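Structure below is final.pdb: PDB, C-alpha atoms and all ligand atoms.
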```pdb
ATOM      1  CA  MET W  17     -15.009   0.597   0.904
ATOM      2  CA  ASN W  18     -12.533   1.345  -1.905
ATOM      3  CA  ARG W  19      -9.586   2.752   0.023
ATOM      4  CA  PHE W  20      -7.195   1.890  -2.822
ATOM      5  CA  ASP W  21      -8.934   3.441  -5.817
ATOM      6  CA  GLY W  22      -6.188   4.864  -8.019
ATOM      7  CA  ARG W  23      -3.410   3.434  -5.828
ATOM      8  CA  ARG W  24      -0.556   1.556  -7.490
ATOM      9  CA  VAL W  25       0.797  -1.374  -5.492
ATOM     10  CA  LEU W  26       3.706  -3.826  -5.784
ATOM     11  CA  VAL W  27       3.392  -6.972  -3.633
ATOM     12  CA  THR W  28       6.190  -9.557  -3.340
ATOM     13  CA  GLY W  29       5.426 -13.097  -2.222
ATOM     14  CA  ALA W  30       2.167 -12.770  -4.157
ATOM     15  CA  ALA W  31       2.186 -16.417  -5.269
ATOM     16  CA  SER W  32       1.154 -17.841  -1.905
ATOM     17  CA  GLY W  33      -0.141 -17.338   1.609
ATOM     18  CA  ILE W  34      -0.183 -13.828   3.050
ATOM     19  CA  GLY W  35       1.242 -12.130  -0.059
ATOM     20  CA  ARG W  36      -1.498 -13.611  -2.232
ATOM     21  CA  ALA W  37      -4.190 -12.745   0.318
ATOM     22  CA  THR W  38      -2.846  -9.181   0.478
ATOM     23  CA  ALA W  39      -2.857  -8.781  -3.304
ATOM     24  CA  LEU W  40      -6.469 -10.006  -3.427
ATOM     25  CA  ARG W  41      -7.548  -7.762  -0.562
ATOM     26  CA  LEU W  42      -5.998  -4.635  -2.087
ATOM     27  CA  LEU W  43      -7.459  -5.506  -5.507
ATOM     28  CA  SER W  44     -10.893  -5.881  -3.948
ATOM     29  CA  GLU W  45     -10.483  -2.375  -2.520
ATOM     30  CA  GLY W  46      -9.703  -0.881  -5.920
ATOM     31  CA  ALA W  47      -5.897  -1.064  -6.190
ATOM     32  CA  THR W  48      -3.942  -1.818  -9.319
ATOM     33  CA  VAL W  49      -1.429  -4.481  -8.343
ATOM     34  CA  VAL W  50       1.762  -6.015  -9.695
ATOM     35  CA  GLY W  51       2.211  -9.329  -7.886
ATOM     36  CA  ALA W  52       5.797 -10.607  -7.827
ATOM     37  CA  ASP W  53       7.284 -13.931  -6.808
ATOM     38  CA  VAL W  54       9.724 -16.677  -7.858
ATOM     39  CA  SER W  55       6.882 -19.178  -8.262
ATOM     40  CA  SER W  56       5.270 -18.847 -11.701
ATOM     41  CA  ASP W  57       2.699 -21.566 -10.913
ATOM     42  CA  GLY W  58       1.691 -19.749  -7.742
ATOM     43  CA  LEU W  59       1.445 -16.433  -9.574
ATOM     44  CA  ALA W  60      -0.808 -18.040 -12.175
ATOM     45  CA  ALA W  61      -3.109 -19.255  -9.382
ATOM     46  CA  THR W  62      -3.142 -15.759  -7.864
ATOM     47  CA  ALA W  63      -4.016 -14.263 -11.263
ATOM     48  CA  GLN W  64      -6.905 -16.708 -11.508
ATOM     49  CA  ALA W  65      -8.164 -15.726  -8.034
ATOM     50  CA  ALA W  66      -7.714 -12.042  -8.925
ATOM     51  CA  ALA W  67     -10.173 -12.454 -11.794
ATOM     52  CA  ASP W  68     -12.896 -13.166  -9.202
ATOM     53  CA  VAL W  69     -12.367  -9.924  -7.255
ATOM     54  CA  ALA W  70     -11.079  -7.377  -9.768
ATOM     55  CA  GLU W  71     -11.177  -6.153 -13.350
ATOM     56  CA  PRO W  72      -8.756  -7.924 -15.735
ATOM     57  CA  ASP W  73      -6.471  -4.888 -16.064
ATOM     58  CA  GLN W  74      -6.089  -4.451 -12.289
ATOM     59  CA  PHE W  75      -3.616  -7.328 -11.789
ATOM     60  CA  VAL W  76      -0.379  -8.263 -13.509
ATOM     61  CA  SER W  77       2.162 -10.793 -12.284
ATOM     62  CA  ARG W  78       5.924 -10.568 -12.661
ATOM     63  CA  ALA W  79       8.705 -13.001 -11.827
ATOM     64  CA  ILE W  80      11.129 -11.399  -9.367
ATOM     65  CA  ASP W  81      13.762 -13.143  -7.258
ATOM     66  CA  ILE W  82      14.171 -10.651  -4.421
ATOM     67  CA  GLY W  83      17.564 -12.122  -3.517
ATOM     68  CA  ASP W  84      18.956 -11.225  -6.946
ATOM     69  CA  GLU W  85      19.910  -7.591  -7.492
ATOM     70  CA  ALA W  86      19.435  -7.598 -11.275
ATOM     71  CA  SER W  87      16.062  -9.331 -10.987
ATOM     72  CA  VAL W  88      14.875  -6.763  -8.432
ATOM     73  CA  ARG W  89      16.117  -3.862 -10.542
ATOM     74  CA  ASP W  90      14.355  -5.158 -13.672
ATOM     75  CA  GLY W  91      11.209  -6.195 -11.793
ATOM     76  CA  VAL W  92      10.721  -2.887  -9.990
ATOM     77  CA  ALA W  93      11.404  -0.975 -13.227
ATOM     78  CA  PHE W  94       8.737  -3.101 -14.938
ATOM     79  CA  ALA W  95       6.251  -2.512 -12.101
ATOM     80  CA  THR W  96       6.687   1.247 -11.914
ATOM     81  CA  HIS W  97       6.504   1.540 -15.707
ATOM     82  CA  HIS W  98       3.417  -0.687 -15.934
ATOM     83  CA  LEU W  99       1.647   1.064 -13.054
ATOM     84  CA  GLY W 100       2.780   4.555 -14.064
ATOM     85  CA  GLY W 101       4.373   5.078 -10.624
ATOM     86  CA  LEU W 102       4.159   3.433  -7.226
ATOM     87  CA  ASP W 103       2.182   4.279  -4.081
ATOM     88  CA  VAL W 104       2.573   1.132  -1.965
ATOM     89  CA  LEU W 105       5.275  -1.544  -1.666
ATOM     90  CA  VAL W 106       4.400  -4.706   0.296
ATOM     91  CA  ASN W 107       7.439  -6.908   0.985
ATOM     92  CA  ALA W 108       5.823 -10.255   1.866
ATOM     93  CA  ALA W 109       8.284 -12.604   0.104
ATOM     94  CA  GLY W 110      10.366 -14.690   2.454
ATOM     95  CA  ILE W 111      11.611 -18.160   3.354
ATOM     96  CA  LEU W 112      11.686 -20.138   6.584
ATOM     97  CA  ARG W 113      14.401 -22.698   7.253
ATOM     98  CA  SER W 114      14.819 -24.343  10.649
ATOM     99  CA  GLY W 115      17.588 -26.350  12.248
ATOM    100  CA  HIS W 116      19.782 -26.855  15.279
ATOM    101  CA  THR W 117      21.868 -23.694  15.354
ATOM    102  CA  GLU W 118      25.161 -25.567  15.774
ATOM    103  CA  GLN W 119      24.402 -27.471  12.549
ATOM    104  CA  VAL W 120      23.376 -24.532  10.365
ATOM    105  CA  THR W 121      25.876 -24.125   7.519
ATOM    106  CA  LEU W 122      27.129 -20.744   6.410
ATOM    107  CA  GLN W 123      25.405 -21.364   3.075
ATOM    108  CA  GLU W 124      22.046 -21.914   4.807
ATOM    109  CA  TRP W 125      22.554 -18.832   7.007
ATOM    110  CA  ASP W 126      23.511 -16.694   4.000
ATOM    111  CA  GLN W 127      20.501 -17.883   1.972
ATOM    112  CA  ILE W 128      18.006 -16.842   4.647
ATOM    113  CA  ILE W 129      19.642 -13.469   5.276
ATOM    114  CA  ARG W 130      20.040 -12.929   1.530
ATOM    115  CA  ILE W 131      16.378 -13.492   0.672
ATOM    116  CA  ASN W 132      14.593 -12.169   3.746
ATOM    117  CA  LEU W 133      16.741  -9.212   4.812
ATOM    118  CA  THR W 134      18.852  -8.285   1.782
ATOM    119  CA  GLY W 135      15.946  -8.998  -0.563
ATOM    120  CA  THR W 136      13.670  -6.658   1.397
ATOM    121  CA  PHE W 137      16.412  -3.999   1.322
ATOM    122  CA  LEU W 138      16.873  -4.357  -2.450
ATOM    123  CA  MET W 139      13.136  -4.041  -3.080
ATOM    124  CA  ILE W 140      12.989  -0.893  -0.936
ATOM    125  CA  ARG W 141      16.094   0.672  -2.493
ATOM    126  CA  GLU W 142      14.830   0.191  -6.038
ATOM    127  CA  SER W 143      11.278   1.332  -5.195
ATOM    128  CA  LEU W 144      12.158   4.434  -3.169
ATOM    129  CA  PRO W 145      12.460   6.916  -6.060
ATOM    130  CA  ALA W 146       8.932   6.096  -7.282
ATOM    131  CA  LEU W 147       7.508   5.987  -3.734
ATOM    132  CA  ILE W 148       9.024   9.410  -2.988
ATOM    133  CA  ASP W 149       7.767  10.727  -6.299
ATOM    134  CA  CYS W 150       4.144   9.880  -5.459
ATOM    135  CA  GLY W 151       4.304  12.090  -2.362
ATOM    136  CA  ARG W 152       2.713   9.679   0.125
ATOM    137  CA  GLY W 153       4.451   6.342  -0.407
ATOM    138  CA  VAL W 154       3.918   3.455   1.986
ATOM    139  CA  ILE W 155       6.226   0.503   2.638
ATOM    140  CA  VAL W 156       4.839  -2.514   4.523
ATOM    141  CA  ASN W 157       7.562  -4.976   5.500
ATOM    142  CA  PHE W 158       7.227  -8.468   6.918
ATOM    143  CA  SER W 159       8.800  -9.138  10.268
ATOM    144  CA  SER W 160       7.712 -12.051  12.481
ATOM    145  CA  THR W 161       6.955 -12.751  16.106
ATOM    146  CA  SER W 162      10.323 -14.548  16.078
ATOM    147  CA  ALA W 163      12.030 -11.130  15.870
ATOM    148  CA  SER W 164      10.968 -10.173  19.397
ATOM    149  CA  PHE W 165      10.195 -13.511  21.059
ATOM    150  CA  ALA W 166      12.391 -16.589  21.221
ATOM    151  CA  HIS W 167      11.547 -19.173  18.574
ATOM    152  CA  PRO W 168      13.908 -22.154  18.846
ATOM    153  CA  TYR W 169      15.697 -23.611  15.805
ATOM    154  CA  MET W 170      15.165 -20.423  13.787
ATOM    155  CA  ALA W 171      18.258 -18.324  14.556
ATOM    156  CA  ALA W 172      18.874 -17.115  10.990
ATOM    157  CA  TYR W 173      15.179 -16.547  10.281
ATOM    158  CA  ALA W 174      14.676 -14.608  13.536
ATOM    159  CA  ALA W 175      17.809 -12.544  12.870
ATOM    160  CA  SER W 176      16.595 -11.701   9.358
ATOM    161  CA  LYS W 177      13.230 -10.570  10.719
ATOM    162  CA  GLY W 178      14.800  -8.540  13.540
ATOM    163  CA  GLY W 179      16.915  -6.846  10.883
ATOM    164  CA  ILE W 180      13.809  -6.006   8.874
ATOM    165  CA  GLN W 181      12.196  -4.388  11.941
ATOM    166  CA  SER W 182      15.288  -2.243  12.607
ATOM    167  CA  MET W 183      15.644  -1.283   8.952
ATOM    168  CA  THR W 184      11.975  -0.271   8.894
ATOM    169  CA  HIS W 185      12.485   2.130  11.802
ATOM    170  CA  THR W 186      15.446   3.752  10.021
ATOM    171  CA  ILE W 187      13.600   4.159   6.724
ATOM    172  CA  ALA W 188      10.536   5.605   8.454
ATOM    173  CA  LEU W 189      12.646   8.414   9.919
ATOM    174  CA  GLU W 190      15.044   8.936   7.022
ATOM    175  CA  PHE W 191      12.245   9.451   4.475
ATOM    176  CA  ALA W 192       9.483  10.936   6.630
ATOM    177  CA  LYS W 193       9.995  14.412   5.143
ATOM    178  CA  GLN W 194       9.456  12.930   1.671
ATOM    179  CA  GLY W 195       6.024  11.657   2.735
ATOM    180  CA  ILE W 196       7.042   8.011   3.159
ATOM    181  CA  ARG W 197       5.571   5.815   5.888
ATOM    182  CA  ALA W 198       7.277   2.492   6.684
ATOM    183  CA  VAL W 199       5.762  -0.144   8.949
ATOM    184  CA  SER W 200       6.208  -3.846   9.669
ATOM    185  CA  VAL W 201       3.687  -6.524  10.398
ATOM    186  CA  ALA W 202       4.794  -9.352  12.681
ATOM    187  CA  PRO W 203       2.585 -12.362  11.978
ATOM    188  CA  GLY W 204       2.497 -15.568  13.967
ATOM    189  CA  SER W 205       0.471 -18.791  13.664
ATOM    190  CA  ILE W 206      -0.873 -17.976  10.196
ATOM    191  CA  SER W 207      -1.678 -20.857   7.869
ATOM    192  CA  SER W 208       0.436 -20.563   4.690
ATOM    193  CA  GLY W 209       2.902 -22.393   2.489
ATOM    194  CA  MET W 210       5.638 -21.650   4.999
ATOM    195  CA  THR W 211       3.867 -22.843   8.138
ATOM    196  CA  SER W 212       2.469 -25.985   6.508
ATOM    197  CA  ALA W 213       6.071 -27.217   6.203
ATOM    198  CA  PRO W 214       8.276 -25.389   8.734
ATOM    199  CA  GLY W 215      10.978 -28.065   8.433
ATOM    200  CA  LEU W 216      11.681 -28.325  12.147
ATOM    201  CA  PRO W 217      14.337 -30.875  13.178
ATOM    202  CA  GLU W 218      12.826 -34.318  13.788
ATOM    203  CA  ASP W 219      14.205 -34.335  17.336
ATOM    204  CA  SER W 220      12.843 -30.860  18.188
ATOM    205  CA  ASP W 221      12.091 -30.304  21.866
ATOM    206  CA  VAL W 222       8.429 -29.257  21.564
ATOM    207  CA  SER W 223       8.387 -28.065  25.193
ATOM    208  CA  LEU W 224      10.494 -25.095  24.006
ATOM    209  CA  PHE W 225       7.580 -23.799  21.914
ATOM    210  CA  THR W 226       5.834 -22.045  24.775
ATOM    211  CA  LYS W 227       4.161 -19.276  22.740
ATOM    212  CA  MET W 228       2.572 -20.873  19.685
ATOM    213  CA  GLN W 229      -1.100 -21.178  20.590
ATOM    214  CA  PRO W 230      -3.391 -18.261  19.669
ATOM    215  CA  VAL W 231      -5.757 -17.236  22.475
ATOM    216  CA  VAL W 232      -8.127 -15.342  20.191
ATOM    217  CA  ARG W 233     -10.975 -17.490  18.880
ATOM    218  CA  ILE W 234     -10.359 -18.190  15.204
ATOM    219  CA  GLU W 235     -13.261 -17.530  12.849
ATOM    220  CA  HIS W 236     -13.084 -18.898   9.331
ATOM    221  CA  ALA W 237     -16.325 -17.473   8.041
ATOM    222  CA  ASP W 238     -14.603 -15.360   5.389
ATOM    223  CA  SER W 239     -12.197 -17.979   4.057
ATOM    224  CA  GLU W 240     -11.446 -21.612   3.529
ATOM    225  CA  PRO W 241     -10.474 -23.393   6.739
ATOM    226  CA  PRO W 242      -6.669 -23.088   6.950
ATOM    227  CA  ALA W 243      -4.522 -26.088   6.101
ATOM    228  CA  VAL W 244      -2.946 -25.984   9.548
ATOM    229  CA  PRO W 245      -5.413 -26.494  12.454
ATOM    230  CA  GLY W 246      -5.155 -23.908  15.231
ATOM    231  CA  MET W 247      -3.839 -21.239  12.890
ATOM    232  CA  ALA W 248      -5.690 -18.313  11.324
ATOM    233  CA  GLY W 249      -5.975 -17.812   7.576
ATOM    234  CA  PRO W 250      -3.664 -15.385   5.719
ATOM    235  CA  GLU W 251      -6.530 -12.942   5.109
ATOM    236  CA  LYS W 252      -6.294 -11.992   8.805
ATOM    237  CA  VAL W 253      -2.903 -10.418   8.073
ATOM    238  CA  ALA W 254      -3.991  -9.060   4.691
ATOM    239  CA  GLY W 255      -6.680  -6.958   6.392
ATOM    240  CA  VAL W 256      -4.073  -5.406   8.693
ATOM    241  CA  VAL W 257      -1.730  -4.703   5.769
ATOM    242  CA  ALA W 258      -4.636  -3.011   3.972
ATOM    243  CA  MET W 259      -5.302  -0.806   7.005
ATOM    244  CA  LEU W 260      -1.621   0.113   7.381
ATOM    245  CA  ALA W 261      -1.166   0.879   3.670
ATOM    246  CA  SER W 262      -4.381   2.925   3.436
ATOM    247  CA  ASP W 263      -5.117   6.389   4.775
ATOM    248  CA  ASP W 264      -6.582   4.672   7.857
ATOM    249  CA  GLY W 265      -2.941   4.065   8.813
ATOM    250  CA  ALA W 266      -1.865   7.624   7.994
ATOM    251  CA  PHE W 267      -0.475   8.311  11.504
ATOM    252  CA  ILE W 268       1.374   4.977  11.839
ATOM    253  CA  SER W 269       5.042   4.766  10.893
ATOM    254  CA  GLY W 270       8.292   3.266  12.170
ATOM    255  CA  THR W 271       6.657   0.527  14.210
ATOM    256  CA  GLU W 272       5.426  -3.036  13.952
ATOM    257  CA  VAL W 273       1.996  -4.572  14.413
ATOM    258  CA  ARG W 274       1.831  -8.098  15.818
ATOM    259  CA  VAL W 275      -0.864 -10.286  14.220
ATOM    260  CA  ASP W 276      -0.684 -13.583  16.111
ATOM    261  CA  GLY W 277      -4.048 -14.108  17.816
ATOM    262  CA  GLY W 278      -2.454 -13.157  21.125
ATOM    263  CA  SER W 279      -0.168 -16.180  21.112
ATOM    264  CA  HIS W 280       2.687 -14.182  22.629
ATOM    265  CA  LEU W 281       0.727 -12.783  25.575
TER     266      LEU W 281
HETATM  267  N1  LIG W 301       2.732 -17.611   8.222
HETATM  268  C1  LIG W 301       3.181 -17.136   9.382
HETATM  269  O1  LIG W 301       2.721 -17.535  10.482
HETATM  270  C2  LIG W 301       4.261 -16.096   9.376
HETATM  271  C3  LIG W 301       4.817 -15.732  10.598
HETATM  272  C4  LIG W 301       5.785 -14.754  10.619
HETATM  273  C5  LIG W 301       6.193 -14.131   9.450
HETATM  274  N2  LIG W 301       5.653 -14.524   8.273
HETATM  275  C6  LIG W 301       6.142 -13.839   7.068
HETATM  276  O2  LIG W 301       5.055 -13.584   6.188
HETATM  277  C7  LIG W 301       5.560 -13.471   4.859
HETATM  278  C8  LIG W 301       4.674 -14.280   3.928
HETATM  279  O3  LIG W 301       4.894 -15.669   4.195
HETATM  280  P1  LIG W 301       3.722 -16.763   4.174
HETATM  281  O4  LIG W 301       3.510 -17.178   5.577
HETATM  282  O5  LIG W 301       2.597 -16.284   3.375
HETATM  283  O6  LIG W 301       4.516 -17.974   3.479
HETATM  284  P2  LIG W 301       4.414 -18.574   2.000
HETATM  285  O7  LIG W 301       5.522 -19.564   1.950
HETATM  286  O8  LIG W 301       3.032 -19.051   1.748
HETATM  287  O9  LIG W 301       4.726 -17.333   1.045
HETATM  288  C9  LIG W 301       6.033 -16.851   0.824
HETATM  289  C10 LIG W 301       6.179 -16.483  -0.643
HETATM  290  O10 LIG W 301       7.489 -15.916  -0.844
HETATM  291  C11 LIG W 301       7.971 -16.394  -2.091
HETATM  292  N3  LIG W 301       9.434 -16.302  -2.163
HETATM  293  C12 LIG W 301      10.355 -17.062  -1.520
HETATM  294  N4  LIG W 301      11.584 -16.696  -1.884
HETATM  295  C13 LIG W 301      11.452 -15.696  -2.799
HETATM  296  C14 LIG W 301      12.373 -14.919  -3.548
HETATM  297  N5  LIG W 301      13.700 -15.119  -3.462
HETATM  298  N6  LIG W 301      11.882 -13.966  -4.371
HETATM  299  C15 LIG W 301      10.543 -13.769  -4.499
HETATM  300  N7  LIG W 301       9.634 -14.490  -3.825
HETATM  301  C16 LIG W 301      10.081 -15.441  -2.980
HETATM  302  C17 LIG W 301       7.488 -17.840  -2.132
HETATM  303  O11 LIG W 301       7.548 -18.375  -3.456
HETATM  304  C18 LIG W 301       6.078 -17.708  -1.576
HETATM  305  O12 LIG W 301       5.149 -17.462  -2.616
HETATM  306  C19 LIG W 301       7.020 -13.969   4.916
HETATM  307  O13 LIG W 301       7.895 -12.859   4.906
HETATM  308  C20 LIG W 301       7.090 -14.669   6.244
HETATM  309  O14 LIG W 301       8.394 -14.691   6.774
HETATM  310  C21 LIG W 301       4.696 -15.495   8.205
END
```

Write-out of the structure in structure tokens:
Amino acid sequence: MNRFDGRRVLVTGAASGIGRATALRLLSEGATVVGADVSSDGLAATAQAAADVAEPDQFVSRAIDIGDEASVRDGVAFATHHLGGLDVLVNAAGILRSGHTEQVTLQEWDQIIRINLTGTFLMIRESLPALIDCGRGVIVNFSSTSASFAHPYMAAYAASKGGIQSMTHTIALEFAKQGIRAVSVAPGSISSGMTSAPGLPEDSDVSLFTKMQPVVRIEHADSEPPAVPGMAGPEKVAGVVAMLASDDGAFISGTEVRVDGGSHL
């Protein structure tokens, strides 16, 4: 099923975890992809994996720091020029930092909001002209289960993800007449770089984590077993992103899809 034949895609966070899995999934369905990230080593590994699922000219990587306005401007200009336009923007890049809220410094707070929320905004702002131009542009943003459910020690992270959800609703309405759809995915319990080292305080009260265990049986037949036991692999989210960004998601906009194995039931 080549739902992305002829579709031009920019994926941030493509050097690791869900962003990498999404780039590979969309490539395998025929997309041409620019994968962006701050990690050049990770991007090189993604490019290597891309060679197994796609033609050499289908994937190009590009260093973009989404928290830096000039980097985003240059990176998006490169992507739209290289691809000859843009049909899909996937904003998977993000960081997780945890801590006791009363100990979080303003610098730490600002860094999380800057990368996750402001970075997602900058990517959207710079990509919108090309997405509007293509006539049926799709934006897939990354929220988190922490946006709607209490996750202790993650106040800044949860706030950044709640902001992304709200921003997504606004963009979906504001640009609907220009053919844009905007949706969020809200993953939870997905094995990735982020969840292998969540950096929780050493004295965390684990009894506060009441909604972490997926209830759906996890199958790993289509991937390596995840690094974190009890979590699903990133390709489980990539498949949902592919659905949302394809014409199969044509009637979905301004909402979020939770992909957490039912852990928040
Ligand atoms: N894994 C989960 O269970 C889970 C849950 C909720 C939300 N998410 C969200 O999913 C998205 C993907 O995360 P993941 O789980 O694959 O983690 P990950 O750490 O494996 O991937 C995140 C990627 O973002 C990149 N990145 C960080 N800062 C950047 C910046 N300033 N500019 C460009 N790239 C930057 C990292 O280098 C990394 O490659 C994130 O937005 C994350 O918040 C993940």

May I ask for the distance between CA of Glu272 in chain W and CA of Ile234 in chain W, given in Å to one decimal place?
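We find that CA of Glu272 in chain W and CA of Ile234 in chain W lie 21.9 Å from each other.
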
Apply the PyMOL selection byres (((chain W and resi 189-201) around 9) and not hetatm) to the displayed file and report the matching residues as a PDB file with C-alpha atoms, keeping the file's coordinate frame.
```pdb
ATOM      1  CA  LEU W 144      12.158   4.434  -3.169  1.00  0.00           C
ATOM      2  CA  LEU W 147       7.508   5.987  -3.734  1.00  0.00           C
ATOM      3  CA  ILE W 148       9.024   9.410  -2.988  1.00  0.00           C
ATOM      4  CA  ASP W 149       7.767  10.727  -6.299  1.00  0.00           C
ATOM      5  CA  CYS W 150       4.144   9.880  -5.459  1.00  0.00           C
ATOM      6  CA  GLY W 151       4.304  12.090  -2.362  1.00  0.00           C
ATOM      7  CA  ARG W 152       2.713   9.679   0.125  1.00  0.00           C
ATOM      8  CA  GLY W 153       4.451   6.342  -0.407  1.00  0.00           C
ATOM      9  CA  VAL W 154       3.918   3.455   1.986  1.00  0.00           C
ATOM     10  CA  ILE W 155       6.226   0.503   2.638  1.00  0.00           C
ATOM     11  CA  VAL W 156       4.839  -2.514   4.523  1.00  0.00           C
ATOM     12  CA  ASN W 157       7.562  -4.976   5.500  1.00  0.00           C
ATOM     13  CA  PHE W 158       7.227  -8.468   6.918  1.00  0.00           C
ATOM     14  CA  SER W 159       8.800  -9.138  10.268  1.00  0.00           C
ATOM     15  CA  SER W 160       7.712 -12.051  12.481  1.00  0.00           C
ATOM     16  CA  ILE W 180      13.809  -6.006   8.874  1.00  0.00           C
ATOM     17  CA  GLN W 181      12.196  -4.388  11.941  1.00  0.00           C
ATOM     18  CA  THR W 184      11.975  -0.271   8.894  1.00  0.00           C
ATOM     19  CA  HIS W 185      12.485   2.130  11.802  1.00  0.00           C
ATOM     20  CA  THR W 186      15.446   3.752  10.021  1.00  0.00           C
ATOM     21  CA  ILE W 187      13.600   4.159   6.724  1.00  0.00           C
ATOM     22  CA  ALA W 188      10.536   5.605   8.454  1.00  0.00           C
ATOM     23  CA  ALA W 202       4.794  -9.352  12.681  1.00  0.00           C
ATOM     24  CA  PRO W 203       2.585 -12.362  11.978  1.00  0.00           C
ATOM     25  CA  VAL W 253      -2.903 -10.418   8.073  1.00  0.00           C
ATOM     26  CA  VAL W 256      -4.073  -5.406   8.693  1.00  0.00           C
ATOM     27  CA  VAL W 257      -1.730  -4.703   5.769  1.00  0.00           C
ATOM     28  CA  LEU W 260      -1.621   0.113   7.381  1.00  0.00           C
ATOM     29  CA  ALA W 261      -1.166   0.879   3.670  1.00  0.00           C
ATOM     30  CA  ALA W 266      -1.865   7.624   7.994  1.00  0.00           C
ATOM     31  CA  PHE W 267      -0.475   8.311  11.504  1.00  0.00           C
ATOM     32  CA  ILE W 268       1.374   4.977  11.839  1.00  0.00           C
ATOM     33  CA  SER W 269       5.042   4.766  10.893  1.00  0.00           C
ATOM     34  CA  GLY W 270       8.292   3.266  12.170  1.00  0.00           C
ATOM     35  CA  THR W 271       6.657   0.527  14.210  1.00  0.00           C
ATOM     36  CA  GLU W 272       5.426  -3.036  13.952  1.00  0.00           C
ATOM     37  CA  VAL W 273       1.996  -4.572  14.413  1.00  0.00           C
ATOM     38  CA  ARG W 274       1.831  -8.098  15.818  1.00  0.00           C
ATOM     39  CA  VAL W 275      -0.864 -10.286  14.220  1.00  0.00           C
TER      40      VAL W 275
END
```

Give me the range 130-224 of chain W side of the contact with range 29-43 of chain W, cut-off 12 Å, one line per residue showing its nearest atom pair and distance in Å at one decimal, counting only C-alpha atoms, sorted by chain and residue number, as JSON lines.
```
{"residue": "W:Ile131", "atom": "CA", "partner": "W:Gly29", "partner_atom": "CA", "distance": 11.3}
{"residue": "W:Asn132", "atom": "CA", "partner": "W:Gly29", "partner_atom": "CA", "distance": 11.0}
{"residue": "W:Gly135", "atom": "CA", "partner": "W:Gly29", "partner_atom": "CA", "distance": 11.4}
{"residue": "W:Thr136", "atom": "CA", "partner": "W:Gly29", "partner_atom": "CA", "distance": 11.1}
{"residue": "W:Met139", "atom": "CA", "partner": "W:Gly29", "partner_atom": "CA", "distance": 11.9}
{"residue": "W:Val156", "atom": "CA", "partner": "W:Thr38", "partner_atom": "CA", "distance": 10.9}
{"residue": "W:Asn157", "atom": "CA", "partner": "W:Gly35", "partner_atom": "CA", "distance": 11.0}
{"residue": "W:Phe158", "atom": "CA", "partner": "W:Gly35", "partner_atom": "CA", "distance": 9.9}
{"residue": "W:Val201", "atom": "CA", "partner": "W:Ile34", "partner_atom": "CA", "distance": 11.1}
{"residue": "W:Ala202", "atom": "CA", "partner": "W:Ile34", "partner_atom": "CA", "distance": 11.7}
{"residue": "W:Pro203", "atom": "CA", "partner": "W:Ile34", "partner_atom": "CA", "distance": 9.5}
{"residue": "W:Gly204", "atom": "CA", "partner": "W:Ile34", "partner_atom": "CA", "distance": 11.4}
{"residue": "W:Ser205", "atom": "CA", "partner": "W:Ile34", "partner_atom": "CA", "distance": 11.7}
{"residue": "W:Ile206", "atom": "CA", "partner": "W:Ile34", "partner_atom": "CA", "distance": 8.3}
{"residue": "W:Ser207", "atom": "CA", "partner": "W:Gly33", "partner_atom": "CA", "distance": 7.3}
{"residue": "W:Ser208", "atom": "CA", "partner": "W:Gly33", "partner_atom": "CA", "distance": 4.5}
{"residue": "W:Gly209", "atom": "CA", "partner": "W:Gly33", "partner_atom": "CA", "distance": 6.0}
{"residue": "W:Met210", "atom": "CA", "partner": "W:Gly33", "partner_atom": "CA", "distance": 8.0}
{"residue": "W:Thr211", "atom": "CA", "partner": "W:Gly33", "partner_atom": "CA", "distance": 9.4}
{"residue": "W:Ser212", "atom": "CA", "partner": "W:Gly33", "partner_atom": "CA", "distance": 10.3}
```

Result set of the PyMOL selection byres (((chain W and resi 68-73) around 10) and not hetatm) on the coordinates above, as a PyMOL selection string
chain W and resi 40-49+63-67+74-76

Using all atoms listed in the file, find the one residue out of W:Val222, W:Met259, W:Val27, W:Val54 that sits nearest to ligand LIG 301 (chain W).
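Closest to ligand LIG 301 (chain W) of all the choices is W:Val54.
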
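Rounded to one decimal, CA of Arg23 in chain W and CA of Ala95 in chain W lie 13.0 Å from each other.
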
Considering all atoms listed in the file, state which residue in the set W:Ala108, W:Leu138, W:Leu224, W:Val92 is at the smallest distance from ligand LIG 301 (chain W).
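Of W:Ala108, W:Leu138, W:Leu224, W:Val92, the one nearest ligand LIG 301 (chain W) is W:Ala108, counting all atoms listed in the file.
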
Between CA of Arg113 in chain W and CA of Ala172 in chain W, distance in Å (one decimal)
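Computed distance, CA of Arg113 in chain W to CA of Ala172 in chain W, equals 8.1 Å.
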
Restricting the calculation to all atoms listed in the file, which member of W:Ser77, W:His116, W:Glu142, W:Gln127 is positioned closest to Asp90 in chain W?
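Counting all atoms listed in the file, the residue closest to Asp90 in chain W is W:Glu142.
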
Using only C-alpha atoms and all ligand atoms, which of the listed residues (W:Ser279, W:Thr117, W:Thr226, W:Thr161) sits closest to ligand LIG 301 (chain W)?
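Of W:Ser279, W:Thr117, W:Thr226, W:Thr161, the one nearest ligand LIG 301 (chain W) is W:Thr161, counting only C-alpha atoms and all ligand atoms.
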
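With only C-alpha atoms and all ligand atoms as the atoms that count, the minimum distance from ligand LIG 301 (chain W) to the choices W:Gly22, W:Gly277, W:Pro168, W:Gly265 is reached by W:Gly277.
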
Top pick for closest residue to Gly278 in chain W, considering W:Asp264, W:Val232, W:Ala163, W:Gly255 and counting only C-alpha atoms
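Counting only C-alpha atoms, the residue closest to Gly278 in chain W is W:Val232.
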
Apply the PyMOL selection byres (((chain W and resi 174-176) around 6) and not hetatm) to the structure shown and report the selected residues as a PyMOL selection string.
chain W and resi 129+132-133+162-163+170-173+177-179
